[in-house]
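Q: Got work-v5.txt for you, compact mmCIF, C-alpha atoms:
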# COMPACT_ATOMS: atom_id res chain seq x y z
CA MET R 1 -80.86 -74.78 12.66
CA HIS R 2 -79.81 -77.54 15.02
CA ARG R 3 -77.75 -77.28 18.18
CA ASP R 4 -74.83 -79.67 17.83
CA ASN R 5 -74.46 -81.87 20.90
CA GLY R 6 -71.88 -84.21 19.38
CA VAL R 7 -69.08 -83.02 21.69
CA ALA R 8 -69.55 -83.14 25.43
CA SER R 9 -68.02 -79.80 26.33
CA THR R 10 -66.65 -76.58 24.90
CA ALA R 11 -63.18 -77.42 26.22
CA GLU R 12 -63.12 -80.71 24.33
CA ARG R 13 -64.27 -79.04 21.12
CA THR R 14 -61.70 -76.28 21.53
CA ARG R 15 -58.90 -78.80 21.93
CA GLN R 16 -60.02 -80.49 18.73
CA ARG R 17 -60.27 -77.39 16.57
CA VAL R 18 -58.01 -74.71 18.05
CA ARG R 19 -54.43 -74.74 19.20
CA ARG R 20 -53.95 -72.26 22.04
CA VAL R 21 -50.70 -70.29 22.09
CA ARG R 22 -49.65 -68.11 25.02
CA PRO R 23 -46.66 -65.92 24.15
CA GLY R 24 -45.02 -64.98 27.44
CA PRO R 25 -44.63 -61.22 26.79
CA LEU R 26 -48.35 -60.88 26.17
CA ARG R 27 -49.43 -61.46 29.76
CA GLY R 28 -49.02 -59.33 32.84
CA GLY R 29 -50.13 -59.41 36.44
CA GLY R 30 -53.08 -57.54 37.90
CA GLY R 31 -56.07 -57.98 40.12
CA GLY R 32 -59.19 -59.55 38.63
CA GLY R 33 -57.38 -60.93 35.58
CA THR R 34 -54.48 -60.06 33.34
CA MET R 35 -53.77 -57.03 31.19
CA PRO R 36 -51.10 -56.42 28.55
CA ARG R 37 -47.64 -55.62 29.91
CA ASP R 38 -46.05 -52.21 29.46
CA ASN R 39 -43.74 -53.54 26.73
CA MET R 40 -46.69 -54.20 24.42
CA ALA R 41 -47.53 -51.81 21.60
CA SER R 42 -49.23 -48.72 23.02
CA LEU R 43 -52.25 -49.06 20.72
CA ILE R 44 -53.01 -52.56 22.04
CA GLN R 45 -52.67 -51.21 25.59
CA ARG R 46 -55.16 -48.48 24.77
CA VAL R 47 -57.59 -50.99 23.28
CA ALA R 48 -57.38 -53.14 26.40
CA ARG R 49 -57.87 -50.19 28.74
CA GLN R 50 -60.83 -48.95 26.73
CA ALA R 51 -62.36 -52.44 26.72
CA ARG R 52 -62.00 -52.60 30.50
CA LEU R 53 -63.64 -49.19 30.82
CA THR R 54 -66.44 -50.06 28.40
CA PHE R 55 -67.41 -53.39 29.90
CA ARG R 56 -66.65 -52.90 33.58
CA PRO R 57 -69.58 -53.90 35.82
CA PRO R 58 -71.44 -51.28 37.88
CA GLY R 59 -69.50 -50.38 41.00
CA GLY R 60 -66.27 -51.74 39.54
CA GLY R 61 -66.64 -55.24 40.98
CA GLY R 62 -68.41 -58.53 40.58
CA ASN R 63 -69.19 -60.43 37.44
CA SER R 64 -70.06 -58.40 34.35
CA SER R 65 -73.41 -58.95 32.68
CA SER R 66 -75.09 -57.74 29.52
CA SER R 67 -77.85 -56.05 31.54
CA SER R 68 -75.36 -53.47 32.84
CA ASN R 69 -74.11 -52.59 29.35
CA ASN R 70 -76.66 -50.03 28.27
CA GLY R 71 -77.31 -46.32 28.36
CA PRO R 72 -75.53 -43.37 26.75
CA ARG R 73 -72.26 -43.82 28.66
CA PHE R 74 -71.91 -47.41 27.46
CA ALA R 75 -72.71 -46.42 23.87
CA GLU R 76 -70.10 -43.65 24.00
CA ASN R 77 -67.43 -45.94 25.43
CA LEU R 78 -68.26 -48.65 22.92
CA GLN R 79 -67.89 -46.21 20.04
CA CYS R 80 -64.47 -45.18 21.34
CA LEU R 81 -63.47 -48.84 21.59
CA GLN R 82 -64.59 -49.52 18.02
CA GLN R 83 -62.62 -46.51 16.76
CA LEU R 84 -59.47 -47.68 18.52
CA LEU R 85 -59.93 -51.25 17.32
CA ASP R 86 -60.35 -50.05 13.75
CA LYS R 87 -56.80 -48.66 13.88
CA VAL R 88 -55.18 -51.96 14.87
CA ARG R 89 -53.04 -53.65 12.23
CA ALA R 90 -51.12 -56.91 12.17
CA GLU R 91 -47.87 -55.00 12.70
CA ASP R 92 -49.12 -53.81 16.09
CA LEU R 93 -49.03 -57.43 17.24
CA ARG R 94 -45.97 -58.38 15.20
CA LEU R 95 -48.04 -60.78 13.11
CA VAL R 96 -47.27 -61.92 9.58
CA PRO R 97 -49.31 -64.35 7.45
CA ARG R 98 -48.13 -67.84 8.20
CA GLY R 99 -46.90 -70.02 5.37
CA PRO R 100 -46.41 -73.78 5.10
CA SER R 101 -44.72 -75.41 8.07
CA ALA R 102 -40.94 -75.65 7.81
CA VAL R 103 -41.05 -79.03 9.55
CA ALA R 104 -41.37 -81.89 7.09
CA GLY R 105 -44.63 -83.77 7.55
CA ALA R 106 -45.98 -81.30 10.10
CA VAL R 107 -49.69 -80.48 9.86
CA GLN R 108 -50.83 -77.02 10.87
CA PRO R 109 -53.98 -76.84 12.99
CA PRO R 110 -56.97 -75.20 11.27
CA ALA R 111 -56.90 -72.43 13.88
CA SER R 112 -54.61 -71.13 16.60
CA TYR R 113 -55.51 -68.79 19.46
CA MET R 114 -53.01 -66.36 20.98
CA HIS R 115 -54.11 -65.08 24.37
CA ILE R 116 -53.49 -61.40 25.11
CA CYS R 117 -55.41 -60.62 28.28
CA GLU R 118 -58.49 -61.51 30.30
CA THR R 119 -60.35 -59.92 33.20
CA GLU R 120 -63.72 -60.65 34.77
CA SER R 121 -65.33 -58.25 32.31
CA PHE R 122 -63.65 -59.06 28.99
CA SER R 123 -61.13 -61.22 27.16
CA MET R 124 -58.92 -60.35 24.20
CA GLY R 125 -56.89 -62.55 21.89
CA VAL R 126 -55.99 -63.30 18.29
CA PHE R 127 -57.29 -66.15 16.15
CA VAL R 128 -55.07 -67.27 13.28
CA LEU R 129 -56.79 -69.38 10.60
CA ARG R 130 -55.11 -71.31 7.84
CA ALA R 131 -56.48 -71.01 4.30
CA GLY R 132 -59.96 -72.48 4.01
CA ALA R 133 -60.37 -72.96 7.77
CA CYS R 134 -63.78 -72.46 9.33
CA ILE R 135 -64.89 -71.62 12.87
CA PRO R 136 -68.35 -73.25 12.81
CA LEU R 137 -71.59 -71.51 13.65
CA HIS R 138 -71.58 -70.79 17.40
CA ASP R 139 -73.12 -68.49 19.97
CA HIS R 140 -72.02 -66.02 22.66
CA PRO R 141 -74.64 -66.23 25.47
CA GLY R 142 -75.27 -62.83 27.05
CA MET R 143 -72.06 -61.45 25.54
CA HIS R 144 -70.84 -58.56 23.43
CA GLY R 145 -68.13 -59.14 20.86
CA LEU R 146 -65.87 -57.19 18.51
CA LEU R 147 -63.83 -58.77 15.73
CA LYS R 148 -61.15 -56.92 13.73
CA VAL R 149 -59.41 -58.56 10.76
CA LEU R 150 -55.62 -58.17 10.96
CA TYR R 151 -54.68 -59.83 7.68
CA GLY R 152 -56.37 -61.93 5.03
CA THR R 153 -60.06 -62.10 4.22
CA LEU R 154 -62.89 -63.53 6.32
CA ARG R 155 -66.42 -64.37 5.27
CA ILE R 156 -68.66 -63.94 8.30
CA ALA R 157 -72.28 -65.04 8.50
CA CYS R 158 -74.25 -63.47 11.38
CA PHE R 159 -77.56 -64.73 12.73
CA ASP R 160 -80.13 -63.59 15.26
CA THR R 161 -82.01 -66.19 17.25
CA ALA R 162 -85.74 -65.93 17.94
CA ALA R 163 -87.45 -66.84 21.19
CA ALA R 164 -89.07 -70.24 21.32
CA GLY R 165 -92.42 -70.21 19.53
CA ALA R 166 -91.72 -66.86 17.83
CA GLY R 167 -92.80 -66.31 14.27
CA GLY R 168 -95.61 -68.81 14.44
CA GLY R 169 -93.29 -71.80 14.56
CA GLY R 170 -93.90 -74.72 16.83
CA GLY R 171 -91.46 -75.25 19.68
CA ASP R 172 -89.82 -78.63 20.14
CA SER R 173 -90.10 -80.93 23.09
CA ASN R 174 -86.78 -79.66 24.51
CA GLY R 175 -87.87 -76.03 24.66
CA GLY R 176 -85.99 -74.87 21.52
CA ALA R 177 -87.63 -73.09 18.60
CA SER R 178 -88.17 -74.73 15.25
CA ALA R 179 -85.47 -74.70 12.59
CA ALA R 180 -84.77 -71.62 10.51
CA GLY R 181 -86.67 -71.41 7.26
CA SER R 182 -89.69 -73.44 8.40
CA SER R 183 -92.91 -72.12 9.87
CA THR R 184 -93.90 -75.30 11.66
CA LEU R 185 -92.01 -78.49 12.36
CA PRO R 186 -92.95 -81.54 14.43
CA SER R 187 -91.17 -82.15 17.69
CA PRO R 188 -87.96 -84.14 17.15
CA PRO R 189 -87.62 -87.65 18.53
CA SER R 190 -86.05 -88.06 21.94
CA GLY R 191 -82.28 -87.64 21.73
CA SER R 192 -82.38 -85.62 18.51
CA PRO R 193 -80.57 -82.26 18.27
CA ARG R 194 -82.48 -79.27 19.60
CA ARG R 195 -83.99 -77.05 16.95
CA HIS R 196 -83.87 -73.26 16.97
CA ARG R 197 -85.24 -70.55 14.72
CA ALA R 198 -82.71 -68.06 13.38
CA LEU R 199 -82.61 -65.07 11.06
CA LEU R 200 -79.66 -64.48 8.72
CA ARG R 201 -78.66 -60.85 9.28
CA SER R 202 -75.56 -60.62 7.11
CA HIS R 203 -73.08 -62.73 5.15
CA GLN R 204 -70.19 -60.65 3.91
CA LEU R 205 -66.45 -60.35 3.46
CA TYR R 206 -64.19 -58.57 5.96
CA THR R 207 -60.60 -57.42 5.35
CA PRO R 208 -58.15 -55.27 7.34
CA ALA R 209 -59.77 -52.24 5.68
CA SER R 210 -63.20 -53.18 7.09
CA ALA R 211 -64.68 -51.75 10.27
CA PRO R 212 -64.86 -54.21 13.18
CA CYS R 213 -67.62 -56.80 13.09
CA ARG R 214 -69.77 -56.41 16.20
CA LEU R 215 -72.18 -58.70 18.03
CA SER R 216 -74.37 -58.11 21.07
CA PRO R 217 -76.40 -60.35 23.39
CA HIS R 218 -79.45 -59.95 21.12
CA THR R 219 -78.06 -59.00 17.69
CA ASP R 220 -75.76 -61.04 15.43
CA ASN R 221 -75.01 -63.27 18.42
CA LEU R 222 -74.45 -66.38 16.31
CA HIS R 223 -71.81 -66.35 13.61
CA GLN R 224 -69.69 -68.54 11.38
CA ILE R 225 -66.22 -67.44 10.28
CA ASP R 226 -64.43 -68.70 7.15
CA ALA R 227 -60.93 -67.82 5.92
CA VAL R 228 -61.22 -67.03 2.20
CA GLY R 229 -58.44 -67.14 -0.38
CA GLY R 230 -55.60 -67.70 2.08
CA PRO R 231 -54.69 -67.56 5.76
CA ALA R 232 -56.29 -64.90 7.96
CA ALA R 233 -56.05 -63.52 11.47
CA PHE R 234 -58.37 -61.42 13.60
CA LEU R 235 -58.35 -59.72 16.97
CA ASP R 236 -61.26 -60.89 19.11
CA ILE R 237 -62.80 -59.15 22.13
CA LEU R 238 -65.57 -60.86 24.13
CA ALA R 239 -67.36 -59.25 27.05
CA PRO R 240 -67.81 -60.86 29.43
CA PRO R 241 -65.61 -63.89 28.65
CA TYR R 242 -67.00 -67.38 28.19
CA ASP R 243 -67.69 -68.92 31.61
CA PRO R 244 -69.83 -72.08 31.87
CA GLU R 245 -70.26 -71.55 35.63
CA HIS R 246 -72.13 -68.32 34.88
CA GLY R 247 -74.19 -69.68 31.98
CA ARG R 248 -71.84 -68.54 29.23
CA ASP R 249 -70.76 -71.79 27.63
CA CYS R 250 -70.21 -71.90 23.86
CA HIS R 251 -72.67 -73.93 21.79
CA TYR R 252 -72.16 -74.99 18.19
CA TYR R 253 -74.91 -75.28 15.58
CA ARG R 254 -75.59 -76.61 12.11
CA LEU R 255 -78.17 -75.48 9.62
CA GLY R 256 -81.29 -77.52 9.03
CA ASP R 257 -81.72 -79.88 6.11
CA GLY R 258 -81.50 -78.25 2.70
CA GLN R 259 -79.97 -75.03 4.03
CA SER R 260 -76.45 -73.80 3.35
CA LEU R 261 -74.23 -70.75 3.49
CA SER R 262 -73.09 -70.53 -0.11
CA PRO R 263 -70.43 -67.93 -1.05
CA ASP R 264 -72.78 -66.11 -3.38
CA ALA R 265 -75.46 -63.63 -2.33
CA GLU R 266 -78.40 -66.02 -2.42
CA HIS R 267 -79.10 -68.47 0.39
CA PRO R 268 -82.09 -70.62 -0.52
CA GLY R 269 -84.24 -71.59 2.44
CA LEU R 270 -82.67 -69.12 4.88
CA PRO R 271 -84.88 -66.27 6.13
CA HIS R 272 -83.26 -62.83 5.86
CA GLU R 273 -83.81 -59.65 7.78
As structure tokens, how would this structure be written, given the file I've shared?

A:
Amino acid sequence: MHRDNGVASTAERTRQRVRRVRPGPLRGGGGGGTMPRDNMASLIQRVARQARLTFRPPGGGGNSSSSSNNGPRFAENLQCLQQLLDKVRAEDLRLVPRGPSAVAGAVQPPASYMHICETESFSMGVFVLRAGACIPLHDHPGMHGLLKVLYGTLRIACFDTAAAGAGGGGGDSNGGASAAGSSTLPSPPSGSPRRHRALLRSHQLYTPASAPCRLSPHTDNLHQIDAVGGPAAFLDILAPPYDPEHGRDCHYYRLGDGQSLSPDAEHPGLPHE
């Protein structure tokens, strides 16, 4: 697996692939970020409040970090959040599957993002994907995440990354681990993409009837999301939010030579759990 350095920054890549939409009624004032307004559906309010409770930093202030999200209280709050999120449906956000654009010649973006709320400890929003769209393999450094399909079908591939040199593989000259599926690889030439070792944990379909897909700082932290058989939308919670100033920038990856994520159950060359 190679880290893709073809785009200089996450912001540039986001502008290329995702159109951001901010519906006015979805934002409200508040210290330390924004929360849903009172005129939002009560279930979405409850999800946001539970997310804030689950991921709040110790002492109620400062920047959240994955190291503080452990212990029985966190596990209990996280379970409550997952149960609430599992109840959310497209109707709760007044979403309907989007069809072809009514404007002649207009081209829909592969993905749109609708912001709901963001605080120092978490962000929440909705991704809307057109049929066949793909959010490429990417990471969530030091972050937890929950994804709930609102309509359509998603195929999600989840990976774990291994520490450099783990599994007997040789590290590269830039400090990254060797590519997935290979035990030893020579160091890449200067300027080549960094190589990392990864383990395919799951590759399965998610629908509105599925439980939320979850990632943590150390489990399933890399994933690729594909809309299958038509448009799809999902509610996305990340904790804490992406923040390059605190080491939480988003990095995109591609699989090594000869490796692919085929729709069927077999993935030649990819190590499984």

Q: List as a compact mmCIF listing (two decimals) with C-alpha atoms, keeping the file's coordinate frame the protein and nucleic acid residues near Gly145 (chain R), meaning an atom at most 12 Å away when only C-alpha atoms are counted, but skip any in the same chain fewer than 6 places from it.

A:
# COMPACT_ATOMS: atom_id res chain seq x y z
CA ALA R 51 -62.36 -52.44 26.72
CA THR R 54 -66.44 -50.06 28.40
CA PHE R 55 -67.41 -53.39 29.90
CA SER R 66 -75.09 -57.74 29.52
CA LEU R 78 -68.26 -48.65 22.92
CA LEU R 81 -63.47 -48.84 21.59
CA GLN R 82 -64.59 -49.52 18.02
CA LEU R 85 -59.93 -51.25 17.32
CA SER R 121 -65.33 -58.25 32.31
CA PHE R 122 -63.65 -59.06 28.99
CA SER R 123 -61.13 -61.22 27.16
CA MET R 124 -58.92 -60.35 24.20
CA GLY R 125 -56.89 -62.55 21.89
CA ASP R 139 -73.12 -68.49 19.97
CA PRO R 212 -64.86 -54.21 13.18
CA CYS R 213 -67.62 -56.80 13.09
CA ARG R 214 -69.77 -56.41 16.20
CA LEU R 215 -72.18 -58.70 18.03
CA SER R 216 -74.37 -58.11 21.07
CA PRO R 217 -76.40 -60.35 23.39
CA HIS R 218 -79.45 -59.95 21.12
CA THR R 219 -78.06 -59.00 17.69
CA ASP R 220 -75.76 -61.04 15.43
CA ASN R 221 -75.01 -63.27 18.42
CA LEU R 222 -74.45 -66.38 16.31
CA HIS R 223 -71.81 -66.35 13.61
CA LEU R 235 -58.35 -59.72 16.97
CA ASP R 236 -61.26 -60.89 19.11
CA ILE R 237 -62.80 -59.15 22.13
CA LEU R 238 -65.57 -60.86 24.13
CA ALA R 239 -67.36 -59.25 27.05
CA PRO R 240 -67.81 -60.86 29.43
CA PRO R 241 -65.61 -63.89 28.65
CA TYR R 242 -67.00 -67.38 28.19

Q: Smallest atom-to-atom distance to Ile135 (chain R): which of R:Cys117, R:Leu84, R:Ile44, R:Leu154, using all atoms listed in the file?

A: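 Selected residue with least distance to Ile135 (chain R): R:Leu154.
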
Q: Draw an axis-aligned box over all listed atoms of region 148-163 of chain R, pad each side with 3 Å, and write its centre and edge lengths in Å, one decimal, as lines of an AutoDock Vina configuration file.

A:
center_x = -71.1
center_y = -61.9
center_z = 12.7
size_x = 38.8
size_y = 15.9
size_z = 23.0

Q: Using all atoms listed in the file, can you tell me which of R:Leu147, R:Ala233, R:Ala227, R:Ile156 comes closest to Leu93 (chain R)?

A: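 For Leu93 (chain R), the nearest of the given residues is R:Ala233.
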
Q: Rounded to one decimal in Å, what is the spacing between CA of Asp257 (chain R) and CA of His138 (chain R)?

A: 17.7 Å

Q: Write out as a list in words each polymer residue whose atoms come within 8 Å of Gly230 (chain R), counting all atoms listed in the file; drop sequence neighbours fewer than 2 positions from it.

A: Arg130, Ala131, Gly132, Gly152, Thr153, Ala227, Val228 and Ala232 of chain R
